[in-house]
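Participant: You'll find protein_0.pdb just under this line, and it carries PDB, C-alpha atoms.
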ATOM      1  CA  MET A   1       1.064  12.197  16.816  1.00  0.00           C
ATOM      2  CA  PRO A   2       2.381  10.868  13.483  1.00  0.00           C
ATOM      3  CA  SER A   3       5.506   8.769  13.536  1.00  0.00           C
ATOM      4  CA  THR A   4       7.975   8.366  10.677  1.00  0.00           C
ATOM      5  CA  VAL A   5      10.423   5.574   9.878  1.00  0.00           C
ATOM      6  CA  THR A   6      12.859   5.924   6.966  1.00  0.00           C
ATOM      7  CA  LEU A   7      14.418   2.850   5.399  1.00  0.00           C
ATOM      8  CA  ASP A   8      17.008   2.399   2.675  1.00  0.00           C
ATOM      9  CA  LEU A   9      16.064  -0.491   0.389  1.00  0.00           C
ATOM     10  CA  ALA A  10      19.103  -1.814  -1.482  1.00  0.00           C
ATOM     11  CA  ASP A  11      17.173  -3.502  -4.295  1.00  0.00           C
ATOM     12  CA  GLU A  12      13.826  -4.939  -5.365  1.00  0.00           C
ATOM     13  CA  ALA A  13      14.273  -7.891  -2.998  1.00  0.00           C
ATOM     14  CA  ALA A  14      14.459  -5.433  -0.091  1.00  0.00           C
ATOM     15  CA  THR A  15      11.251  -3.791  -1.332  1.00  0.00           C
ATOM     16  CA  HIS A  16       9.625  -7.242  -1.355  1.00  0.00           C
ATOM     17  CA  ARG A  17      10.817  -7.890   2.200  1.00  0.00           C
ATOM     18  CA  LEU A  18       9.253  -4.609   3.323  1.00  0.00           C
ATOM     19  CA  GLY A  19       5.946  -5.624   1.705  1.00  0.00           C
ATOM     20  CA  GLN A  20       6.095  -8.993   3.483  1.00  0.00           C
ATOM     21  CA  LEU A  21       6.943  -7.339   6.797  1.00  0.00           C
ATOM     22  CA  LEU A  22       4.010  -4.933   6.512  1.00  0.00           C
ATOM     23  CA  ALA A  23       1.698  -7.808   5.606  1.00  0.00           C
ATOM     24  CA  GLY A  24       2.773  -9.466   8.853  1.00  0.00           C
ATOM     25  CA  ILE A  25       1.339  -6.618  10.928  1.00  0.00           C
ATOM     26  CA  ALA A  26      -1.729  -5.942   8.785  1.00  0.00           C
ATOM     27  CA  GLY A  27      -5.277  -6.442   9.942  1.00  0.00           C
ATOM     28  CA  PRO A  28      -8.835  -5.751   8.824  1.00  0.00           C
ATOM     29  CA  GLY A  29      -9.490  -2.041   8.400  1.00  0.00           C
ATOM     30  CA  ASP A  30      -5.842  -1.178   7.721  1.00  0.00           C
ATOM     31  CA  ILE A  31      -5.120   1.228   4.900  1.00  0.00           C
ATOM     32  CA  PHE A  32      -1.696   1.419   3.255  1.00  0.00           C
ATOM     33  CA  ALA A  33      -1.248   4.517   1.072  1.00  0.00           C
ATOM     34  CA  LEU A  34       1.541   3.884  -1.451  1.00  0.00           C
ATOM     35  CA  GLU A  35       3.113   7.067  -2.795  1.00  0.00           C
ATOM     36  CA  GLY A  36       5.851   7.569  -5.359  1.00  0.00           C
ATOM     37  CA  ASP A  37       6.523   8.368  -8.981  1.00  0.00           C
ATOM     38  CA  LEU A  38       5.911   5.911 -11.812  1.00  0.00           C
ATOM     39  CA  GLY A  39       8.362   3.031 -11.475  1.00  0.00           C
ATOM     40  CA  SER A  40       9.144   3.762  -7.815  1.00  0.00           C
ATOM     41  CA  GLY A  41       8.166   0.270  -6.621  1.00  0.00           C
ATOM     42  CA  LYS A  42       4.584   0.730  -5.408  1.00  0.00           C
ATOM     43  CA  THR A  43       3.211  -2.251  -7.332  1.00  0.00           C
ATOM     44  CA  SER A  44       6.243  -4.378  -6.453  1.00  0.00           C
ATOM     45  CA  LEU A  45       5.699  -3.711  -2.747  1.00  0.00           C
ATOM     46  CA  ALA A  46       1.943  -4.368  -3.062  1.00  0.00           C
ATOM     47  CA  ARG A  47       2.573  -7.624  -4.956  1.00  0.00           C
ATOM     48  CA  ALA A  48       4.884  -8.921  -2.186  1.00  0.00           C
ATOM     49  CA  PHE A  49       2.382  -7.838   0.481  1.00  0.00           C
ATOM     50  CA  ILE A  50      -0.498  -9.652  -1.243  1.00  0.00           C
ATOM     51  CA  ARG A  51       1.517 -12.807  -1.884  1.00  0.00           C
ATOM     52  CA  ALA A  52       2.590 -12.891   1.767  1.00  0.00           C
ATOM     53  CA  LEU A  53      -1.074 -13.102   2.788  1.00  0.00           C
ATOM     54  CA  THR A  54      -2.304 -15.356  -0.008  1.00  0.00           C
ATOM     55  CA  ASP A  55       0.132 -17.591  -1.913  1.00  0.00           C
ATOM     56  CA  ASP A  56       3.628 -17.064  -3.321  1.00  0.00           C
ATOM     57  CA  ALA A  57       2.278 -18.139  -6.708  1.00  0.00           C
ATOM     58  CA  GLU A  58      -0.717 -15.749  -6.621  1.00  0.00           C
ATOM     59  CA  ASP A  59      -1.117 -13.849  -9.880  1.00  0.00           C
ATOM     60  CA  VAL A  60      -1.003 -10.192  -8.816  1.00  0.00           C
ATOM     61  CA  PRO A  61      -1.386  -7.962 -11.863  1.00  0.00           C
ATOM     62  CA  SER A  62      -1.142  -4.215 -11.589  1.00  0.00           C
ATOM     63  CA  PRO A  63      -4.647  -2.750 -11.314  1.00  0.00           C
ATOM     64  CA  THR A  64      -3.659   0.156 -13.585  1.00  0.00           C
ATOM     65  CA  PHE A  65      -6.525  -0.476 -16.003  1.00  0.00           C
ATOM     66  CA  THR A  66      -9.051  -2.217 -13.750  1.00  0.00           C
ATOM     67  CA  LEU A  67      -8.402   0.321 -10.936  1.00  0.00           C
ATOM     68  CA  ALA A  68      -9.015  -2.393  -8.319  1.00  0.00           C
ATOM     69  CA  GLN A  69      -8.127  -6.034  -7.719  1.00  0.00           C
ATOM     70  CA  VAL A  70      -9.547  -8.095  -4.868  1.00  0.00           C
ATOM     71  CA  TYR A  71      -7.946 -11.099  -3.142  1.00  0.00           C
ATOM     72  CA  GLU A  72      -9.067 -13.365  -0.311  1.00  0.00           C
ATOM     73  CA  SER A  73      -6.763 -14.162   2.598  1.00  0.00           C
ATOM     74  CA  ASP A  74      -7.007 -15.659   6.076  1.00  0.00           C
ATOM     75  CA  LEU A  75      -7.212 -12.079   7.392  1.00  0.00           C
ATOM     76  CA  GLY A  76     -10.098 -11.189   5.102  1.00  0.00           C
ATOM     77  CA  THR A  77     -10.400  -9.370   1.821  1.00  0.00           C
ATOM     78  CA  LEU A  78      -7.362  -7.572   0.379  1.00  0.00           C
ATOM     79  CA  TRP A  79      -8.075  -4.639  -1.922  1.00  0.00           C
ATOM     80  CA  HIS A  80      -5.377  -3.336  -4.265  1.00  0.00           C
ATOM     81  CA  PHE A  81      -6.279  -0.010  -5.842  1.00  0.00           C
ATOM     82  CA  ASP A  82      -4.356   1.912  -8.499  1.00  0.00           C
ATOM     83  CA  LEU A  83      -6.057   5.298  -8.707  1.00  0.00           C
ATOM     84  CA  TYR A  84      -3.729   6.905 -11.251  1.00  0.00           C
ATOM     85  CA  ARG A  85      -6.537   7.027 -13.835  1.00  0.00           C
ATOM     86  CA  LEU A  86      -9.261   8.110 -11.388  1.00  0.00           C
ATOM     87  CA  GLU A  87     -10.884  11.263 -12.754  1.00  0.00           C
ATOM     88  CA  LYS A  88     -12.355  12.581  -9.494  1.00  0.00           C
ATOM     89  CA  PRO A  89     -12.353  11.384  -5.864  1.00  0.00           C
ATOM     90  CA  ASP A  90     -16.050  10.446  -5.857  1.00  0.00           C
ATOM     91  CA  ASP A  91     -15.360   7.906  -8.626  1.00  0.00           C
ATOM     92  CA  ALA A  92     -13.654   5.749  -5.991  1.00  0.00           C
ATOM     93  CA  LEU A  93     -17.069   4.991  -4.489  1.00  0.00           C
ATOM     94  CA  GLU A  94     -17.934   3.005  -7.623  1.00  0.00           C
ATOM     95  CA  LEU A  95     -14.917   0.783  -6.917  1.00  0.00           C
ATOM     96  CA  GLY A  96     -16.251  -0.327  -3.525  1.00  0.00           C
ATOM     97  CA  ILE A  97     -13.692   1.641  -1.579  1.00  0.00           C
ATOM     98  CA  GLU A  98     -16.069   2.186   1.337  1.00  0.00           C
ATOM     99  CA  ASP A  99     -16.395  -1.610   1.741  1.00  0.00           C
ATOM    100  CA  ALA A 100     -12.626  -1.933   1.550  1.00  0.00           C
ATOM    101  CA  PHE A 101     -12.161   0.654   4.297  1.00  0.00           C
ATOM    102  CA  ALA A 102     -14.849  -0.896   6.499  1.00  0.00           C
ATOM    103  CA  ASP A 103     -13.450  -4.394   6.909  1.00  0.00           C
ATOM    104  CA  GLY A 104     -10.810  -5.095   4.291  1.00  0.00           C
ATOM    105  CA  ILE A 105      -7.107  -4.418   4.053  1.00  0.00           C
ATOM    106  CA  SER A 106      -6.450  -1.714   1.463  1.00  0.00           C
ATOM    107  CA  LEU A 107      -3.320  -1.036  -0.571  1.00  0.00           C
ATOM    108  CA  ILE A 108      -3.788   2.205  -2.480  1.00  0.00           C
ATOM    109  CA  GLU A 109      -1.451   3.424  -5.203  1.00  0.00           C
ATOM    110  CA  TRP A 110      -1.859   7.149  -5.961  1.00  0.00           C
ATOM    111  CA  PRO A 111      -3.814   7.832  -2.732  1.00  0.00           C
ATOM    112  CA  ASP A 112      -3.756  11.585  -3.383  1.00  0.00           C
ATOM    113  CA  ARG A 113      -6.475  10.956  -6.014  1.00  0.00           C
ATOM    114  CA  LEU A 114      -8.896  10.163  -3.173  1.00  0.00           C
ATOM    115  CA  GLY A 115      -8.898  13.681  -1.764  1.00  0.00           C
ATOM    116  CA  SER A 116     -10.984  13.759   1.418  1.00  0.00           C
ATOM    117  CA  TRP A 117     -12.086  10.119   0.956  1.00  0.00           C
ATOM    118  CA  LEU A 118      -8.714   8.909   2.288  1.00  0.00           C
ATOM    119  CA  PRO A 119      -9.260   8.199   6.007  1.00  0.00           C
ATOM    120  CA  ALA A 120      -6.907   9.950   8.393  1.00  0.00           C
ATOM    121  CA  ASP A 121      -5.892   6.691  10.077  1.00  0.00           C
ATOM    122  CA  HIS A 122      -3.659   5.148   7.409  1.00  0.00           C
ATOM    123  CA  LEU A 123      -0.003   4.304   6.931  1.00  0.00           C
ATOM    124  CA  THR A 124       1.718   6.176   4.133  1.00  0.00           C
ATOM    125  CA  ILE A 125       4.624   4.412   2.440  1.00  0.00           C
ATOM    126  CA  ALA A 126       6.407   6.949   0.243  1.00  0.00           C
ATOM    127  CA  LEU A 127       8.927   5.369  -2.141  1.00  0.00           C
ATOM    128  CA  SER A 128      11.645   7.379  -3.836  1.00  0.00           C
ATOM    129  CA  PRO A 129      14.958   6.683  -5.592  1.00  0.00           C
ATOM    130  CA  GLY A 130      17.825   5.690  -3.334  1.00  0.00           C
ATOM    131  CA  ALA A 131      21.517   6.568  -3.496  1.00  0.00           C
ATOM    132  CA  GLU A 132      22.386   3.647  -5.811  1.00  0.00           C
ATOM    133  CA  SER A 133      20.866   2.934  -9.228  1.00  0.00           C
ATOM    134  CA  ARG A 134      18.656   0.021  -8.061  1.00  0.00           C
ATOM    135  CA  SER A 135      18.002   1.217  -4.535  1.00  0.00           C
ATOM    136  CA  ARG A 136      14.986   2.965  -3.071  1.00  0.00           C
ATOM    137  CA  ARG A 137      14.159   4.891   0.031  1.00  0.00           C
ATOM    138  CA  ALA A 138      10.931   4.179   1.896  1.00  0.00           C
ATOM    139  CA  ARG A 139       9.413   6.704   4.298  1.00  0.00           C
ATOM    140  CA  LEU A 140       6.628   5.231   6.458  1.00  0.00           C
ATOM    141  CA  THR A 141       4.389   7.722   8.238  1.00  0.00           C
ATOM    142  CA  GLY A 142       1.269   7.102  10.245  1.00  0.00           C
ATOM    143  CA  GLY A 143      -0.885   8.404  13.050  1.00  0.00           C
ATOM    144  CA  GLY A 144      -3.408   6.586  15.230  1.00  0.00           C
ATOM    145  CA  ASP A 145      -1.843   3.352  16.477  1.00  0.00           C
ATOM    146  CA  TRP A 146       0.760   3.271  13.686  1.00  0.00           C
ATOM    147  CA  PRO A 147       3.571   4.791  15.809  1.00  0.00           C
ATOM    148  CA  ARG A 148       3.264   1.880  18.266  1.00  0.00           C
ATOM    149  CA  ARG A 149       3.027  -0.710  15.503  1.00  0.00           C
ATOM    150  CA  LEU A 150       6.010   0.736  13.622  1.00  0.00           C
ATOM    151  CA  GLN A 151       8.076   0.740  16.821  1.00  0.00           C
ATOM    152  CA  GLU A 152       7.214  -2.924  17.381  1.00  0.00           C
ATOM    153  CA  ILE A 153       8.789  -3.940  14.093  1.00  0.00           C
ATOM    154  CA  PHE A 154      11.489  -1.312  13.543  1.00  0.00           C
ATOM    155  CA  GLY A 155      12.367  -0.191  17.080  1.00  0.00           C
ATOM    156  CA  ASP A 156      13.351   3.419  17.824  1.00  0.00           C
TER     157      ASP A 156
END
For the file at hand, write its structure as structure tokens.
Facilitator:
Amino acid sequence: MPSTVTLDLADEAATHRLGQLLAGIAGPGDIFALEGDLGSGKTSLARAFIRALTDDAEDVPSPTFTLAQVYESDLGTLWHFDLYRLEKPDDALELGIEDAFADGISLIEWPDRLGSWLPADHLTIALSPGAESRSRRARLTGGGDWPRRLQEIFGD
């Protein structure tokens, strides 16, 4: 049964803290589907997540044009995908997405572009504007073991 947690993020620093928190519970095979409009904070969250598992000084460019960036961490390979420019779901296979799903940790911006290639067992982080000008709202939804994992870090 899917579980949902909704968080108000006051500013970009709060978005970074969420990325770091999610990195703290991540493991090989985890898939994080980052949803939201352009400028909603997907790349900012992914950057904080990646730096939490690599190095604070890690250069983490947006993969808007390369479609994928790969990083090594103590937990294994981190894959950061930006599928905004993906023309059709099958094109993701050329990016190595099957390898990423098998034993990496995947952060996927614009996951809807994957169609049926997006595995059912993933955590969706939907970012939207918050009540204040610099704030955001994050809605985390996941099935599989995500309800238990979300409860461990956020409680009821």
Participant: How close does range 37-60 of chain A get to range 119-142 of chain A? List, as CSV, each residue of range 37-60 of chain A within 9 Å, its nearest atom pair and the distance in Å to one decimal, counting all atoms listed in the file.
Facilitator:
residue,atom,partner,partner_atom,distance
A:Asp37,CA,A:Ser128,CA,7.3
A:Ser40,CA,A:Leu127,CA,5.9
A:Gly41,CA,A:Leu127,CA,6.8
A:Lys42,CA,A:Leu127,CA,7.1
Participant: With C-alpha atoms retained, export the selected residues as a compact mmCIF listing (two decimals), in the coordinates of the input.
Facilitator:
# COMPACT_ATOMS: atom_id res chain seq x y z
CA ASP A 37 6.52 8.37 -8.98
CA SER A 40 9.14 3.76 -7.82
CA GLY A 41 8.17 0.27 -6.62
CA LYS A 42 4.58 0.73 -5.41
Participant: For a quick check of understanding, using all atoms listed in the file, which of A:Asp74, A:Thr15, A:Ile25, A:Glu35 has the smallest distance to Ala48 in chain A?
Facilitator: A:Thr15
Participant: What's the separation between CA of Pro63 in chain A and CA of Glu109 in chain A, in Å to one decimal place?
Facilitator: 9.3 Å
Participant: Let me have the centre and edge lengths in Å, one decimal, of the box along x, y and z around every listed atom of range 69-72 of chain A with 4 Å of margin on each side, as JSON.
Facilitator:
{"center_x": -8.7, "center_y": -9.7, "center_z": -4.0, "size_x": 9.6, "size_y": 15.3, "size_z": 15.4}
Participant: Taking the file as shown, find all residues satisfying the PyMOL selection byres ((chain A and resi 77) around 8) and write them as a list in words.
Facilitator: Val70, Tyr71, Glu72, Ser73, Leu75, Gly76, Leu78, Trp79, Ala100, Asp103, Gly104 and Ile105 of chain A
Participant: So, with all atoms listed in the file as the atoms that count, which of A:Ser3, A:Ser116, A:Arg17, A:Val60 lies closest to Asp145 in chain A?
Facilitator: A:Ser3
Participant: Please list as a list in words every residue within 10 Å of range 89-97 of chain A, counting only C-alpha atoms and excluding residues in the same chain fewer than 5 positions away.
Facilitator: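 Once the adjacent positions are removed, what remains is Thr66, Leu67, Ala68, Gln69, Trp79, Phe81, Leu83, Ala102, Gly104, Ser106, Ile108, Pro111, Asp112, Arg113, Leu114, Gly115, Ser116, Trp117 and Leu118 of chain A.
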Participant: Just to confirm, what's the straight-line distance from CA of Ala13 in chain A to CA of Ala57 in chain A in Å (one decimal)?
Facilitator: 16.2 Å
Participant: Let me make sure I understand: among A:Asp56, A:Asp8, A:Glu87, A:Asp82, which one has the smallest atom-to-atom distance to Gln20 in chain A if we use all atoms listed in the file?
Facilitator: A:Asp56
Participant: Just want the 9 Å neighbourhood of His16 in chain A, counted on all atoms listed in the file, with same-chain residues fewer than 6 positions away dropped. Output as an NGL selection string.
Facilitator: :A and (44-49)
Participant: Please produce a file of those selected residues containing C-alpha atoms, as a PDB file, keeping the file's coordinate frame.
Facilitator:
ATOM      1  CA  SER A  44       6.243  -4.378  -6.453  1.00  0.00           C
ATOM      2  CA  LEU A  45       5.699  -3.711  -2.747  1.00  0.00           C
ATOM      3  CA  ALA A  46       1.943  -4.368  -3.062  1.00  0.00           C
ATOM      4  CA  ARG A  47       2.573  -7.624  -4.956  1.00  0.00           C
ATOM      5  CA  ALA A  48       4.884  -8.921  -2.186  1.00  0.00           C
ATOM      6  CA  PHE A  49       2.382  -7.838   0.481  1.00  0.00           C
TER       7      PHE A  49
END
Participant: Tell me which of A:Gly24, A:Ala33, A:Ala14, A:Gly144 sits closest to Ile50 in chain A, counting all atoms listed in the file.
Facilitator: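 Counting all atoms listed in the file, the residue closest to Ile50 in chain A is A:Gly24.
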Participant: Kindly indicate which residue among A:Phe154, A:Thr43, A:Asp59, A:His80 lies nearest to Phe101 in chain A, using only C-alpha atoms for the distances.
Facilitator: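 Closest to Phe101 in chain A of all the choices is A:His80.
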Participant: To one decimal in Å, tell me the separation between CA of Leu34 in chain A and CA of Leu107 in chain A.
Facilitator: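 Separation of CA of Leu34 in chain A and CA of Leu107 in chain A: 7.0 Å.
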Participant: Counting only C-alpha atoms, which residue out of A:Ala52, A:Val5, A:Glu98, A:Arg85 sits closest to Gly29 in chain A?
Facilitator: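 Checking each candidate against Gly29 in chain A, we get A:Glu98 as the closest.
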Participant: Some atoms are missing, so please complete range 117-131 of chain A with N, CA and C atoms and return it as a short mmCIF file (atom, residue, chain, number, x, y, z; two decimals), in the coordinates of the input.
Facilitator:
data_model
loop_
_atom_site.label_atom_id
_atom_site.label_comp_id
_atom_site.auth_asym_id
_atom_site.auth_seq_id
_atom_site.Cartn_x
_atom_site.Cartn_y
_atom_site.Cartn_z
N TRP A 117 -11.62 11.49 0.72
CA TRP A 117 -12.09 10.12 0.96
C TRP A 117 -11.02 9.27 1.64
N LEU A 118 -9.76 9.69 1.62
CA LEU A 118 -8.71 8.91 2.29
C LEU A 118 -8.83 9.11 3.80
N PRO A 119 -9.13 8.06 4.56
CA PRO A 119 -9.26 8.20 6.01
C PRO A 119 -7.95 8.68 6.64
N ALA A 120 -8.09 9.41 7.71
CA ALA A 120 -6.91 9.95 8.39
C ALA A 120 -6.04 8.85 8.98
N ASP A 121 -6.65 7.77 9.44
CA ASP A 121 -5.89 6.69 10.08
C ASP A 121 -5.41 5.71 9.01
N HIS A 122 -4.27 6.02 8.42
CA HIS A 122 -3.66 5.15 7.41
C HIS A 122 -2.14 5.23 7.56
N LEU A 123 -1.46 4.28 6.97
CA LEU A 123 0.00 4.30 6.93
C LEU A 123 0.41 4.70 5.53
N THR A 124 1.18 5.75 5.42
CA THR A 124 1.72 6.18 4.13
C THR A 124 3.10 5.56 3.96
N ILE A 125 3.31 4.92 2.81
CA ILE A 125 4.62 4.41 2.44
C ILE A 125 5.03 5.18 1.19
N ALA A 126 5.94 6.12 1.36
CA ALA A 126 6.41 6.95 0.24
C ALA A 126 7.72 6.37 -0.26
N LEU A 127 7.74 5.97 -1.53
CA LEU A 127 8.93 5.37 -2.14
C LEU A 127 9.58 6.37 -3.07
N SER A 128 10.89 6.47 -2.99
CA SER A 128 11.64 7.38 -3.84
C SER A 128 12.97 6.73 -4.20
N PRO A 129 13.67 7.27 -5.21
CA PRO A 129 14.96 6.68 -5.59
C PRO A 129 15.95 6.75 -4.44
N GLY A 130 16.78 5.72 -4.35
CA GLY A 130 17.82 5.69 -3.33
C GLY A 130 19.13 6.22 -3.89
N ALA A 131 20.20 6.05 -3.12
CA ALA A 131 21.52 6.57 -3.50
C ALA A 131 22.14 5.79 -4.66
#
